[in-house]
$ cat upload-v2.cif   # mmCIF, C-alpha atoms and all ligand atoms
data_work
#
loop_
_atom_site.group_PDB
_atom_site.id
_atom_site.type_symbol
_atom_site.label_atom_id
_atom_site.label_comp_id
_atom_site.auth_asym_id
_atom_site.auth_seq_id
_atom_site.Cartn_x
_atom_site.Cartn_y
_atom_site.Cartn_z
ATOM 1 C CA MET W 180 13.703 -41.852 -4.050
ATOM 2 C CA GLY W 181 10.346 -41.347 -2.284
ATOM 3 C CA LEU W 182 6.877 -41.694 -3.699
ATOM 4 C CA SER W 183 4.716 -38.629 -4.243
ATOM 5 C CA PRO W 184 1.536 -38.405 -2.138
ATOM 6 C CA ARG W 185 -0.381 -39.827 -5.114
ATOM 7 C CA GLY W 186 1.944 -42.768 -5.530
ATOM 8 C CA SER W 187 3.972 -41.958 -8.662
ATOM 9 C CA VAL W 188 7.736 -41.423 -8.578
ATOM 10 C CA PRO W 189 8.743 -37.870 -9.516
ATOM 11 C CA LEU W 190 11.761 -37.158 -11.695
ATOM 12 C CA ARG W 191 14.769 -35.751 -9.888
ATOM 13 C CA PRO W 192 17.288 -33.150 -11.111
ATOM 14 C CA GLY W 193 19.923 -35.904 -11.502
ATOM 15 C CA ASP W 194 17.618 -37.753 -13.924
ATOM 16 C CA LEU W 195 17.913 -34.830 -16.348
ATOM 17 C CA ILE W 196 21.710 -35.142 -16.373
ATOM 18 C CA GLN W 197 21.253 -38.854 -17.078
ATOM 19 C CA PHE W 198 18.826 -37.995 -19.926
ATOM 20 C CA LYS W 199 21.542 -35.818 -21.467
ATOM 21 C CA HIS W 200 24.069 -38.614 -21.259
ATOM 22 C CA ASP W 201 21.555 -41.039 -22.781
ATOM 23 C CA GLY W 202 20.769 -38.580 -25.603
ATOM 24 C CA ARG W 203 17.111 -38.399 -24.558
ATOM 25 C CA PRO W 204 15.648 -34.923 -25.218
ATOM 26 C CA ILE W 205 14.164 -33.106 -22.231
ATOM 27 C CA ALA W 206 10.708 -31.536 -22.668
ATOM 28 C CA MET W 207 9.925 -28.692 -20.275
ATOM 29 C CA LEU W 208 6.657 -26.727 -20.242
ATOM 30 C CA THR W 209 5.304 -23.994 -18.003
ATOM 31 C CA ALA W 210 2.150 -24.288 -15.905
ATOM 32 C CA TRP W 211 0.425 -21.786 -13.639
ATOM 33 C CA ASP W 212 -2.512 -23.655 -12.072
ATOM 34 C CA ALA W 213 -3.913 -27.160 -11.569
ATOM 35 C CA LEU W 214 -5.628 -27.161 -14.987
ATOM 36 C CA SER W 215 -2.524 -26.264 -17.012
ATOM 37 C CA ALA W 216 -0.404 -28.607 -14.857
ATOM 38 C CA ALA W 217 -2.657 -31.588 -15.582
ATOM 39 C CA LEU W 218 -2.506 -30.772 -19.318
ATOM 40 C CA VAL W 219 1.283 -30.571 -19.537
ATOM 41 C CA GLU W 220 1.724 -33.676 -17.398
ATOM 42 C CA ALA W 221 -0.716 -35.618 -19.588
ATOM 43 C CA ALA W 222 1.251 -34.368 -22.610
ATOM 44 C CA GLY W 223 4.330 -36.061 -21.138
ATOM 45 C CA ALA W 224 6.477 -33.087 -20.062
ATOM 46 C CA ASP W 225 9.582 -34.145 -18.114
ATOM 47 C CA VAL W 226 9.818 -30.833 -16.294
ATOM 48 C CA VAL W 227 6.998 -28.494 -15.292
ATOM 49 C CA LEU W 228 8.154 -24.944 -14.681
ATOM 50 C CA VAL W 229 6.129 -22.500 -12.650
ATOM 51 C CA GLY W 230 7.774 -19.670 -14.533
ATOM 52 C CA ASP W 231 7.586 -16.053 -13.462
ATOM 53 C CA SER W 232 6.264 -15.435 -16.995
ATOM 54 C CA LEU W 233 2.937 -16.048 -15.231
ATOM 55 C CA ALA W 234 3.232 -12.433 -14.071
ATOM 56 C CA MET W 235 2.516 -11.416 -17.670
ATOM 57 C CA VAL W 236 0.561 -14.407 -19.003
ATOM 58 C CA VAL W 237 -1.802 -14.902 -16.073
ATOM 59 C CA LEU W 238 -1.607 -11.854 -13.806
ATOM 60 C CA GLY W 239 -1.626 -9.251 -16.588
ATOM 61 C CA HIS W 240 1.545 -7.367 -15.626
ATOM 62 C CA ALA W 241 3.659 -5.675 -18.312
ATOM 63 C CA THR W 242 6.864 -7.431 -17.153
ATOM 64 C CA THR W 243 7.823 -10.295 -14.835
ATOM 65 C CA LEU W 244 9.145 -7.904 -12.182
ATOM 66 C CA PRO W 245 6.032 -7.338 -10.011
ATOM 67 C CA VAL W 246 5.243 -10.970 -9.147
ATOM 68 C CA THR W 247 5.975 -11.761 -5.494
ATOM 69 C CA LEU W 248 7.331 -14.854 -3.803
ATOM 70 C CA GLU W 249 3.944 -15.306 -2.101
ATOM 71 C CA GLU W 250 2.190 -15.310 -5.490
ATOM 72 C CA MET W 251 4.713 -17.750 -6.969
ATOM 73 C CA LEU W 252 4.142 -20.072 -3.992
ATOM 74 C CA GLN W 253 0.383 -19.911 -4.432
ATOM 75 C CA HIS W 254 0.620 -20.792 -8.140
ATOM 76 C CA CYS W 255 3.181 -23.506 -7.438
ATOM 77 C CA ARG W 256 0.901 -25.164 -4.880
ATOM 78 C CA ALA W 257 -1.974 -25.090 -7.389
ATOM 79 C CA VAL W 258 0.292 -26.641 -10.048
ATOM 80 C CA GLY W 259 1.309 -29.337 -7.572
ATOM 81 C CA ARG W 260 -2.367 -30.187 -6.970
ATOM 82 C CA GLY W 261 -2.796 -30.739 -10.709
ATOM 83 C CA LEU W 262 0.117 -33.183 -10.969
ATOM 84 C CA GLY W 263 0.675 -36.779 -10.002
ATOM 85 C CA ARG W 264 -1.927 -38.828 -11.771
ATOM 86 C CA PRO W 265 -0.611 -42.420 -11.749
ATOM 87 C CA PRO W 266 0.620 -44.323 -13.650
ATOM 88 C CA ALA W 267 2.415 -41.371 -15.267
ATOM 89 C CA ARG W 268 5.897 -40.647 -13.951
ATOM 90 C CA GLN W 269 5.456 -37.329 -12.210
ATOM 91 C CA PRO W 270 7.497 -34.548 -13.829
ATOM 92 C CA LEU W 271 10.135 -32.573 -11.972
ATOM 93 C CA LEU W 272 8.469 -29.439 -10.616
ATOM 94 C CA VAL W 273 10.656 -26.313 -10.773
ATOM 95 C CA CYS W 274 9.605 -22.886 -9.495
ATOM 96 C CA ASP W 275 11.129 -19.571 -10.604
ATOM 97 C CA LEU W 276 12.542 -17.348 -7.888
ATOM 98 C CA PRO W 277 10.986 -13.945 -8.575
ATOM 99 C CA PHE W 278 12.842 -10.667 -9.043
ATOM 100 C CA LEU W 279 14.632 -9.417 -5.885
ATOM 101 C CA SER W 280 13.934 -12.584 -3.917
ATOM 102 C CA TYR W 281 17.556 -13.757 -4.401
ATOM 103 C CA GLN W 282 19.476 -10.568 -5.257
ATOM 104 C CA CYS W 283 19.593 -9.017 -1.766
ATOM 105 C CA GLY W 284 22.145 -11.220 -0.052
ATOM 106 C CA LEU W 285 22.891 -14.899 0.381
ATOM 107 C CA ASP W 286 20.757 -15.401 3.495
ATOM 108 C CA GLY W 287 17.738 -13.820 1.799
ATOM 109 C CA ALA W 288 18.252 -16.080 -1.207
ATOM 110 C CA VAL W 289 18.354 -19.192 1.018
ATOM 111 C CA ALA W 290 15.202 -18.000 2.806
ATOM 112 C CA ALA W 291 13.348 -17.454 -0.500
ATOM 113 C CA ALA W 292 14.467 -20.698 -2.137
ATOM 114 C CA GLY W 293 13.946 -22.564 1.130
ATOM 115 C CA ALA W 294 10.382 -21.256 1.309
ATOM 116 C CA VAL W 295 9.739 -22.653 -2.166
ATOM 117 C CA LEU W 296 10.883 -26.120 -1.102
ATOM 118 C CA LYS W 297 9.201 -25.990 2.319
ATOM 119 C CA LEU W 298 5.876 -24.410 1.381
ATOM 120 C CA SER W 299 5.230 -25.773 -2.109
ATOM 121 C CA PRO W 300 5.704 -29.140 -3.829
ATOM 122 C CA ALA W 301 8.546 -27.803 -6.056
ATOM 123 C CA ALA W 302 11.758 -29.824 -5.890
ATOM 124 C CA ALA W 303 14.022 -27.184 -7.441
ATOM 125 C CA VAL W 304 14.241 -23.461 -8.154
ATOM 126 C CA LYS W 305 15.294 -21.521 -11.250
ATOM 127 C CA LEU W 306 17.032 -18.158 -11.181
ATOM 128 C CA GLU W 307 18.363 -15.789 -13.822
ATOM 129 C CA GLY W 308 21.830 -14.433 -14.551
ATOM 130 C CA GLY W 309 25.486 -15.376 -14.375
ATOM 131 C CA GLU W 310 27.184 -12.460 -12.622
ATOM 132 C CA PRO W 311 29.611 -13.488 -9.849
ATOM 133 C CA GLU W 312 26.971 -12.552 -7.220
ATOM 134 C CA THR W 313 24.448 -14.907 -8.832
ATOM 135 C CA VAL W 314 27.034 -17.697 -9.075
ATOM 136 C CA ALA W 315 27.674 -17.218 -5.338
ATOM 137 C CA VAL W 316 23.919 -17.555 -4.693
ATOM 138 C CA VAL W 317 23.810 -20.805 -6.683
ATOM 139 C CA ASP W 318 26.772 -22.154 -4.719
ATOM 140 C CA ARG W 319 25.104 -21.289 -1.393
ATOM 141 C CA LEU W 320 21.717 -22.741 -2.380
ATOM 142 C CA VAL W 321 23.214 -25.973 -3.667
ATOM 143 C CA ARG W 322 25.262 -26.343 -0.476
ATOM 144 C CA SER W 323 22.011 -25.846 1.455
ATOM 145 C CA GLY W 324 20.429 -28.777 -0.378
ATOM 146 C CA ILE W 325 18.401 -26.755 -2.882
ATOM 147 C CA PRO W 326 18.698 -27.855 -6.527
ATOM 148 C CA VAL W 327 19.128 -24.890 -8.897
ATOM 149 C CA MET W 328 18.369 -24.527 -12.587
ATOM 150 C CA ALA W 329 20.247 -21.584 -14.136
ATOM 151 C CA HIS W 330 18.971 -19.241 -16.888
ATOM 152 C CA LEU W 331 21.146 -17.154 -19.249
ATOM 153 C CA GLY W 332 20.690 -15.193 -22.489
ATOM 154 C CA LEU W 333 17.457 -13.220 -22.568
ATOM 155 C CA THR W 334 16.672 -12.884 -18.874
ATOM 156 C CA PRO W 335 13.324 -11.077 -18.517
ATOM 157 C CA GLN W 336 14.063 -9.928 -14.958
ATOM 158 C CA SER W 337 16.795 -7.706 -16.517
ATOM 159 C CA VAL W 338 14.450 -6.205 -19.111
ATOM 160 C CA HIS W 339 15.274 -2.645 -18.083
ATOM 161 C CA ARG W 340 18.975 -3.309 -18.675
ATOM 162 C CA LEU W 341 18.954 -5.729 -21.616
ATOM 163 C CA GLY W 342 15.504 -5.415 -23.218
ATOM 164 C CA TYR W 343 13.850 -8.423 -24.868
ATOM 165 C CA ARG W 344 16.513 -8.524 -27.608
ATOM 166 C CA ARG W 345 18.460 -11.564 -28.732
ATOM 167 C CA GLN W 346 21.532 -11.838 -26.512
ATOM 168 C CA ALA W 347 25.189 -12.820 -27.033
ATOM 169 C CA THR W 348 25.307 -11.746 -30.652
ATOM 170 C CA ASP W 349 28.981 -10.655 -30.711
ATOM 171 C CA PRO W 350 32.160 -12.576 -29.781
ATOM 172 C CA VAL W 351 32.768 -10.630 -26.541
ATOM 173 C CA SER W 352 29.289 -11.219 -25.103
ATOM 174 C CA GLN W 353 29.398 -14.849 -26.302
ATOM 175 C CA GLU W 354 32.593 -15.426 -24.366
ATOM 176 C CA ARG W 355 31.046 -13.719 -21.320
ATOM 177 C CA LEU W 356 27.999 -15.988 -21.515
ATOM 178 C CA ARG W 357 30.206 -19.063 -21.991
ATOM 179 C CA ARG W 358 32.222 -18.206 -18.852
ATOM 180 C CA ALA W 359 29.028 -17.562 -16.870
ATOM 181 C CA ALA W 360 27.647 -20.954 -17.965
ATOM 182 C CA LEU W 361 30.823 -22.759 -16.876
ATOM 183 C CA ASN W 362 30.771 -20.925 -13.526
ATOM 184 C CA LEU W 363 27.108 -21.780 -12.935
ATOM 185 C CA GLU W 364 27.851 -25.428 -13.686
ATOM 186 C CA ALA W 365 30.872 -25.377 -11.340
ATOM 187 C CA ALA W 366 28.654 -23.854 -8.618
ATOM 188 C CA GLY W 367 26.362 -26.889 -8.888
ATOM 189 C CA SER W 368 23.457 -25.948 -11.202
ATOM 190 C CA PHE W 369 21.833 -29.105 -12.530
ATOM 191 C CA ALA W 370 20.615 -27.579 -15.840
ATOM 192 C CA LEU W 371 20.881 -24.369 -17.825
ATOM 193 C CA VAL W 372 18.064 -22.613 -19.695
ATOM 194 C CA LEU W 373 19.389 -20.618 -22.658
ATOM 195 C CA GLU W 374 16.895 -18.099 -24.011
ATOM 196 C CA HIS W 375 17.049 -16.239 -27.349
ATOM 197 C CA VAL W 376 20.737 -16.690 -28.188
ATOM 198 C CA PRO W 377 22.404 -17.748 -31.454
ATOM 199 C CA ALA W 378 21.929 -21.449 -32.220
ATOM 200 C CA ASP W 379 25.638 -22.130 -32.741
ATOM 201 C CA LEU W 380 26.442 -20.751 -29.275
ATOM 202 C CA ALA W 381 23.833 -23.037 -27.668
ATOM 203 C CA ALA W 382 25.118 -26.006 -29.690
ATOM 204 C CA SER W 383 28.735 -25.478 -28.631
ATOM 205 C CA LEU W 384 27.792 -24.918 -24.968
ATOM 206 C CA ARG W 385 25.749 -28.086 -25.010
ATOM 207 C CA ARG W 386 28.925 -29.959 -25.933
ATOM 208 C CA GLU W 387 31.061 -28.156 -23.395
ATOM 209 C CA LEU W 388 28.775 -28.589 -20.364
ATOM 210 C CA ALA W 389 28.022 -31.835 -18.531
ATOM 211 C CA ILE W 390 24.649 -30.449 -17.396
ATOM 212 C CA PRO W 391 21.753 -30.263 -19.878
ATOM 213 C CA VAL W 392 21.233 -27.112 -21.935
ATOM 214 C CA ILE W 393 17.505 -26.467 -22.337
ATOM 215 C CA GLY W 394 16.818 -23.971 -25.106
ATOM 216 C CA ILE W 395 14.100 -21.516 -25.985
ATOM 217 C CA GLY W 396 14.849 -19.501 -29.088
ATOM 218 C CA ALA W 397 18.317 -21.080 -29.053
ATOM 219 C CA GLY W 398 18.053 -23.489 -31.998
ATOM 220 C CA ASP W 399 17.377 -27.218 -32.125
ATOM 221 C CA ASP W 400 20.811 -28.457 -31.074
ATOM 222 C CA CYS W 401 20.105 -28.402 -27.332
ATOM 223 C CA ASP W 402 19.619 -31.205 -24.788
ATOM 224 C CA GLY W 403 16.021 -30.134 -24.340
ATOM 225 C CA GLN W 404 13.522 -27.406 -25.113
ATOM 226 C CA VAL W 405 11.297 -25.262 -22.901
ATOM 227 C CA ARG W 406 8.234 -23.300 -23.956
ATOM 228 C CA VAL W 407 5.687 -21.077 -22.252
ATOM 229 C CA THR W 408 2.594 -23.264 -22.623
ATOM 230 C CA ALA W 409 0.234 -20.340 -23.281
ATOM 231 C CA ASP W 410 2.488 -19.229 -26.179
ATOM 232 C CA LEU W 411 2.628 -22.732 -27.608
ATOM 233 C CA LEU W 412 -1.157 -23.002 -27.492
ATOM 234 C CA GLY W 413 -1.528 -19.584 -29.148
ATOM 235 C CA LEU W 414 -3.478 -18.246 -26.171
ATOM 236 C CA THR W 415 -1.526 -15.025 -25.674
ATOM 237 C CA GLU W 416 -2.149 -11.831 -27.624
ATOM 238 C CA ARG W 417 1.538 -11.297 -28.443
ATOM 239 C CA GLN W 418 3.882 -14.202 -29.081
ATOM 240 C CA PRO W 419 7.667 -13.990 -28.845
ATOM 241 C CA PRO W 420 9.108 -14.334 -32.382
ATOM 242 C CA PHE W 421 11.025 -17.476 -31.359
ATOM 243 C CA CYS W 422 7.954 -19.344 -30.085
ATOM 244 C CA PRO W 423 5.514 -19.933 -32.942
ATOM 245 C CA PRO W 424 2.190 -21.344 -31.694
ATOM 246 C CA LEU W 425 1.135 -24.931 -32.427
ATOM 247 C CA LEU W 426 -2.487 -23.869 -32.755
ATOM 248 C CA ALA W 427 -4.522 -20.663 -32.827
ATOM 249 C CA GLY W 428 -5.898 -21.320 -29.336
ATOM 250 C CA ARG W 429 -7.018 -17.755 -28.702
ATOM 251 C CA SER W 430 -9.085 -17.392 -31.880
ATOM 252 C CA LEU W 431 -10.436 -20.953 -31.540
ATOM 253 C CA ALA W 432 -11.555 -20.215 -27.981
ATOM 254 C CA ILE W 433 -13.066 -16.824 -28.881
ATOM 255 C CA GLU W 434 -14.883 -18.382 -31.838
ATOM 256 C CA ALA W 435 -16.281 -21.252 -29.761
ATOM 257 C CA LEU W 436 -17.312 -19.022 -26.856
ATOM 258 C CA GLY W 437 -18.716 -16.398 -29.235
ATOM 259 C CA GLY W 438 -20.813 -19.113 -30.916
ATOM 260 C CA TRP W 439 -22.222 -20.074 -27.536
ATOM 261 C CA VAL W 440 -23.013 -16.448 -26.633
ATOM 262 C CA THR W 441 -24.736 -15.636 -29.954
ATOM 263 C CA GLY W 442 -26.527 -19.010 -29.891
ATOM 264 C CA LEU W 443 -27.948 -18.096 -26.517
ATOM 265 C CA ALA W 444 -29.078 -14.671 -27.736
ATOM 266 C CA ALA W 445 -30.779 -16.177 -30.816
ATOM 267 C CA SER W 446 -32.525 -18.864 -28.822
ATOM 268 C CA THR W 447 -36.067 -19.574 -30.161
ATOM 269 C CA ASP W 448 -37.346 -20.033 -26.650
ATOM 270 C CA PRO W 449 -36.790 -16.617 -25.089
ATOM 271 C CA ILE W 450 -37.127 -16.319 -21.383
ATOM 272 C CA SER W 451 -40.121 -13.992 -20.755
ATOM 273 C CA PRO W 452 -39.235 -11.205 -18.356
ATOM 274 C CA PRO W 453 -41.221 -11.291 -15.134
ATOM 275 C CA ASP W 454 -44.137 -8.718 -15.060
ATOM 276 C CA GLN W 455 -43.370 -7.735 -11.551
ATOM 277 C CA PRO W 456 -40.737 -8.527 -9.043
ATOM 278 C CA PRO W 457 -41.214 -11.801 -7.193
ATOM 279 C CA ASP W 458 -43.302 -11.662 -4.016
ATOM 280 C CA GLN W 459 -41.385 -10.392 -1.082
ATOM 281 C CA PRO W 460 -41.919 -12.537 1.992
ATOM 282 C CA SER W 461 -44.433 -10.610 4.096
ATOM 283 C CA GLU W 462 -43.040 -9.385 7.312
ATOM 284 C CA GLN W 463 -44.402 -11.453 10.177
ATOM 285 C CA VAL W 464 -45.884 -9.250 12.867
ATOM 286 C CA PRO W 465 -45.550 -11.179 16.075
ATOM 287 C CA GLU W 466 -48.830 -11.681 17.846
ATOM 288 C CA GLN W 467 -49.310 -9.470 20.837
ATOM 289 C CA VAL W 468 -49.142 -11.568 23.900
ATOM 290 C CA PRO W 469 -51.391 -10.006 26.584
ATOM 291 C CA ASN W 470 -49.549 -9.215 29.774
HETATM 292 O O1 LIG L 1 9.271 -17.703 -16.768
HETATM 293 C C1 LIG L 1 9.334 -18.522 -17.691
HETATM 294 O O2 LIG L 1 8.325 -18.989 -18.218
HETATM 295 C C2 LIG L 1 10.661 -18.928 -18.153
HETATM 296 C C3 LIG L 1 10.761 -19.703 -19.429
HETATM 297 C C4 LIG L 1 10.655 -18.797 -20.599
HETATM 298 C C5 LIG L 1 12.016 -20.499 -19.490
HETATM 299 O O3 LIG L 1 11.634 -18.611 -17.525
#

$ encode --input "upload-v2.cif" --output "structure tokens"
Amino acid sequence: MGLSPRGSVPLRPGDLIQFKHDGRPIAMLTAWDALSAALVEAAGADVVLVGDSLAMVVLGHATTLPVTLEEMLQHCRAVGRGLGRPPARQPLLVCDLPFLSYQCGLDGAVAAAGAVLKLSPAAAVKLEGGEPETVAVVDRLVRSGIPVMAHLGLTPQSVHRLGYRRQATDPVSQERLRRAALNLEAAGSFALVLEHVPADLAASLRRELAIPVIGIGAGDDCDGQVRVTADLLGLTERQPPFCPPLLAGRSLAIEALGGWVTGLAASTDPISPPDQPPDQPSEQVPEQVPN
């Protein structure tokens, strides 16, 4: 296991499987730049995810679909620059593969995931879905040396097909999800994110799988939990129902900044406006040199 450029030893995907076997809960948080990365690392996150939720949270898109691989790489590099302050053990850095970067053939998927590992400090990728084509992608990436975190349940890249509803609510879809999870594990995924599914389904899958199940809106009986950091801090305008904020970050920030702005306006020492514009430097007319 090599040292990071700043001297601390980063966690590896295999460490998460060991955490599961040791019964140690895994804490995973998203980050999108150096500032948020330093915060979540200082908070002790085991895994930092550069999630494609940044398309909505940071880039202002209505869904996660528009974000490009180039943009994900740029954010991932910024996150990497915010990590690695010794003596903390550096978290595992995982980057989401964006929509259509891995759905257009196995070679394209290797190229996209390979770019993440070559051109950013991420040590693993995450991708959504459990259809046979996606399982084949996982198999190919893992065989190419690229660690893969899987993601089932509410998969925002499929919003136009599945919406943002809770998933796997009936026995047929629960069995489908269970099969997909087993296939993703067999293909070599090192962890599975389960988003917005019934808690008893997550709890039973956690027992069935050897890899860790990391939940979000999937109940407490998981091997770990993941949250979008901006949601947890209450910074976003709309929160998902399954991610209550820890603090009212948005109103606290607006209140503090608003206090500064009004304080400035009410300052007792107003800056007097200049009577006339500052002197313009006079144009130098070069002296005529006689011929
Ligand atoms: O993009 C993201 O932030 C995610 C988490 C919700 C797991 O995929």

$ closest_residue --input "upload-v2.cif" --among "W:Ile395, W:Ala409, W:Val314, W:Cys401" --to "Leu333 of chain W" --atoms "only C-alpha atoms"
W:Ile395

$ closest_atom_pairs --input "upload-v2.cif" --of "chain W" --to "ligand LIG 1 (chain L)" --cutoff "7 Å" --atoms "all atoms listed in the file" --output "tab-separated table"
residue	atom	partner	partner_atom	distance
W:Thr209	CA	L:LIG1	O2	5.9
W:Leu228	CA	L:LIG1	O2	6.9
W:Val229	CA	L:LIG1	O2	6.9
W:Gly230	CA	L:LIG1	O1	3.3
W:Asp231	CA	L:LIG1	O1	4.1
W:Ser232	CA	L:LIG1	O1	3.8
W:Leu233	CA	L:LIG1	O1	6.7
W:Asp275	CA	L:LIG1	O1	6.7
W:Val372	CA	L:LIG1	C5	6.4
W:Ile395	CA	L:LIG1	C5	6.9
W:Val405	CA	L:LIG1	C5	5.9
W:Arg406	CA	L:LIG1	C4	6.1
W:Val407	CA	L:LIG1	O2	5.3

$ residues_around --input "upload-v2.cif" --residues "Val321 of chain W" --least-positions-apart "2" --cutoff "12 Å" --atoms "only C-alpha atoms" --output "list in words"
Pro192, Leu285, Ala288, Val289, Ala292, Gly293, Ala303, Val304, Lys305, Val314, Ala315, Val316, Val317, Asp318, Arg319, Ser323, Gly324, Ile325, Pro326, Val327, Met328, Ala329, Leu363, Glu364, Ala365, Ala366, Gly367, Ser368 and Phe369 of chain W

$ resolve_selection --input "upload-v2.cif" --expression "the PyMOL selection byres (((chain W and resi 253) around 12) and not hetatm)" --output "PyMOL selection string"
chain W and resi 211-213+229+233+246-252+254-260+274+294-295+298-301

$ atom_distance --input "upload-v2.cif" --atom1 "atom CA of Ala378 of chain W" --atom2 "atom CA of Ala397 of chain W"
4.8 Å

$ closest_residue --input "upload-v2.cif" --among "W:Arg191, W:Thr441, W:Ile196, W:Pro423" --to "Leu388 of chain W" --atoms "all atoms listed in the file"
W:Ile196

$ residues_around --input "upload-v2.cif" --residues "Val376 of chain W" --least-positions-apart "3" --cutoff "8 Å" --atoms "only C-alpha atoms" --output "MDAnalysis selection string"
chainID W and resid 332:333 345:348 373 380:381 396:397

$ build_atoms --input "upload-v2.cif" --residues "segment 194-215 of chain W" --atoms "N, CA and C atoms" --output "PDB file, in the frame of the given file"
ATOM      1  N   ASP W 194      18.142 -36.998 -12.772  1.00  0.00           N
ATOM      2  CA  ASP W 194      17.618 -37.753 -13.924  1.00  0.00           C
ATOM      3  C   ASP W 194      17.826 -36.972 -15.218  1.00  0.00           C
ATOM      4  N   LEU W 195      17.758 -35.631 -15.128  1.00  0.00           N
ATOM      5  CA  LEU W 195      17.913 -34.830 -16.348  1.00  0.00           C
ATOM      6  C   LEU W 195      19.346 -34.939 -16.875  1.00  0.00           C
ATOM      7  N   ILE W 196      20.310 -34.990 -15.953  1.00  0.00           N
ATOM      8  CA  ILE W 196      21.710 -35.142 -16.373  1.00  0.00           C
ATOM      9  C   ILE W 196      21.877 -36.515 -17.034  1.00  0.00           C
ATOM     10  N   GLN W 197      21.205 -37.520 -16.477  1.00  0.00           N
ATOM     11  CA  GLN W 197      21.253 -38.854 -17.078  1.00  0.00           C
ATOM     12  C   GLN W 197      20.618 -38.836 -18.472  1.00  0.00           C
ATOM     13  N   PHE W 198      19.484 -38.109 -18.604  1.00  0.00           N
ATOM     14  CA  PHE W 198      18.826 -37.995 -19.926  1.00  0.00           C
ATOM     15  C   PHE W 198      19.809 -37.441 -20.943  1.00  0.00           C
ATOM     16  N   LYS W 199      20.572 -36.420 -20.538  1.00  0.00           N
ATOM     17  CA  LYS W 199      21.542 -35.818 -21.467  1.00  0.00           C
ATOM     18  C   LYS W 199      22.558 -36.879 -21.892  1.00  0.00           C
ATOM     19  N   HIS W 200      23.054 -37.620 -20.918  1.00  0.00           N
ATOM     20  CA  HIS W 200      24.069 -38.614 -21.259  1.00  0.00           C
ATOM     21  C   HIS W 200      23.498 -39.731 -22.125  1.00  0.00           C
ATOM     22  N   ASP W 201      22.209 -40.007 -21.963  1.00  0.00           N
ATOM     23  CA  ASP W 201      21.555 -41.039 -22.781  1.00  0.00           C
ATOM     24  C   ASP W 201      21.080 -40.490 -24.126  1.00  0.00           C
ATOM     25  N   GLY W 202      21.236 -39.181 -24.346  1.00  0.00           N
ATOM     26  CA  GLY W 202      20.769 -38.580 -25.603  1.00  0.00           C
ATOM     27  C   GLY W 202      19.258 -38.505 -25.703  1.00  0.00           C
ATOM     28  N   ARG W 203      18.582 -38.461 -24.538  1.00  0.00           N
ATOM     29  CA  ARG W 203      17.111 -38.399 -24.558  1.00  0.00           C
ATOM     30  C   ARG W 203      16.699 -36.947 -24.351  1.00  0.00           C
ATOM     31  N   PRO W 204      15.996 -36.341 -25.336  1.00  0.00           N
ATOM     32  CA  PRO W 204      15.648 -34.923 -25.218  1.00  0.00           C
ATOM     33  C   PRO W 204      14.719 -34.633 -24.033  1.00  0.00           C
ATOM     34  N   ILE W 205      14.946 -33.500 -23.413  1.00  0.00           N
ATOM     35  CA  ILE W 205      14.164 -33.106 -22.231  1.00  0.00           C
ATOM     36  C   ILE W 205      13.078 -32.123 -22.678  1.00  0.00           C
ATOM     37  N   ALA W 206      11.829 -32.423 -22.322  1.00  0.00           N
ATOM     38  CA  ALA W 206      10.708 -31.536 -22.668  1.00  0.00           C
ATOM     39  C   ALA W 206      10.249 -30.809 -21.411  1.00  0.00           C
ATOM     40  N   MET W 207      10.312 -29.480 -21.461  1.00  0.00           N
ATOM     41  CA  MET W 207       9.925 -28.692 -20.275  1.00  0.00           C
ATOM     42  C   MET W 207       8.849 -27.696 -20.708  1.00  0.00           C
ATOM     43  N   LEU W 208       7.770 -27.636 -19.936  1.00  0.00           N
ATOM     44  CA  LEU W 208       6.657 -26.727 -20.242  1.00  0.00           C
ATOM     45  C   LEU W 208       6.271 -25.963 -18.983  1.00  0.00           C
ATOM     46  N   THR W 209       5.739 -24.764 -19.165  1.00  0.00           N
ATOM     47  CA  THR W 209       5.304 -23.994 -18.003  1.00  0.00           C
ATOM     48  C   THR W 209       3.854 -24.358 -17.647  1.00  0.00           C
ATOM     49  N   ALA W 210       3.536 -24.150 -16.381  1.00  0.00           N
ATOM     50  CA  ALA W 210       2.150 -24.288 -15.905  1.00  0.00           C
ATOM     51  C   ALA W 210       1.945 -23.240 -14.833  1.00  0.00           C
ATOM     52  N   TRP W 211       0.704 -22.856 -14.608  1.00  0.00           N
ATOM     53  CA  TRP W 211       0.425 -21.786 -13.639  1.00  0.00           C
ATOM     54  C   TRP W 211      -0.717 -22.149 -12.685  1.00  0.00           C
ATOM     55  N   ASP W 212      -1.425 -23.229 -12.961  1.00  0.00           N
ATOM     56  CA  ASP W 212      -2.512 -23.655 -12.072  1.00  0.00           C
ATOM     57  C   ASP W 212      -2.726 -25.156 -12.248  1.00  0.00           C
ATOM     58  N   ALA W 213      -3.711 -25.706 -11.527  1.00  0.00           N
ATOM     59  CA  ALA W 213      -3.913 -27.160 -11.569  1.00  0.00           C
ATOM     60  C   ALA W 213      -4.340 -27.626 -12.965  1.00  0.00           C
ATOM     61  N   LEU W 214      -5.137 -26.791 -13.653  1.00  0.00           N
ATOM     62  CA  LEU W 214      -5.628 -27.161 -14.987  1.00  0.00           C
ATOM     63  C   LEU W 214      -4.480 -27.277 -15.987  1.00  0.00           C
ATOM     64  N   SER W 215      -3.639 -26.233 -16.053  1.00  0.00           N
ATOM     65  CA  SER W 215      -2.524 -26.264 -17.012  1.00  0.00           C
ATOM     66  C   SER W 215      -1.513 -27.345 -16.614  1.00  0.00           C
TER      67      SER W 215
END
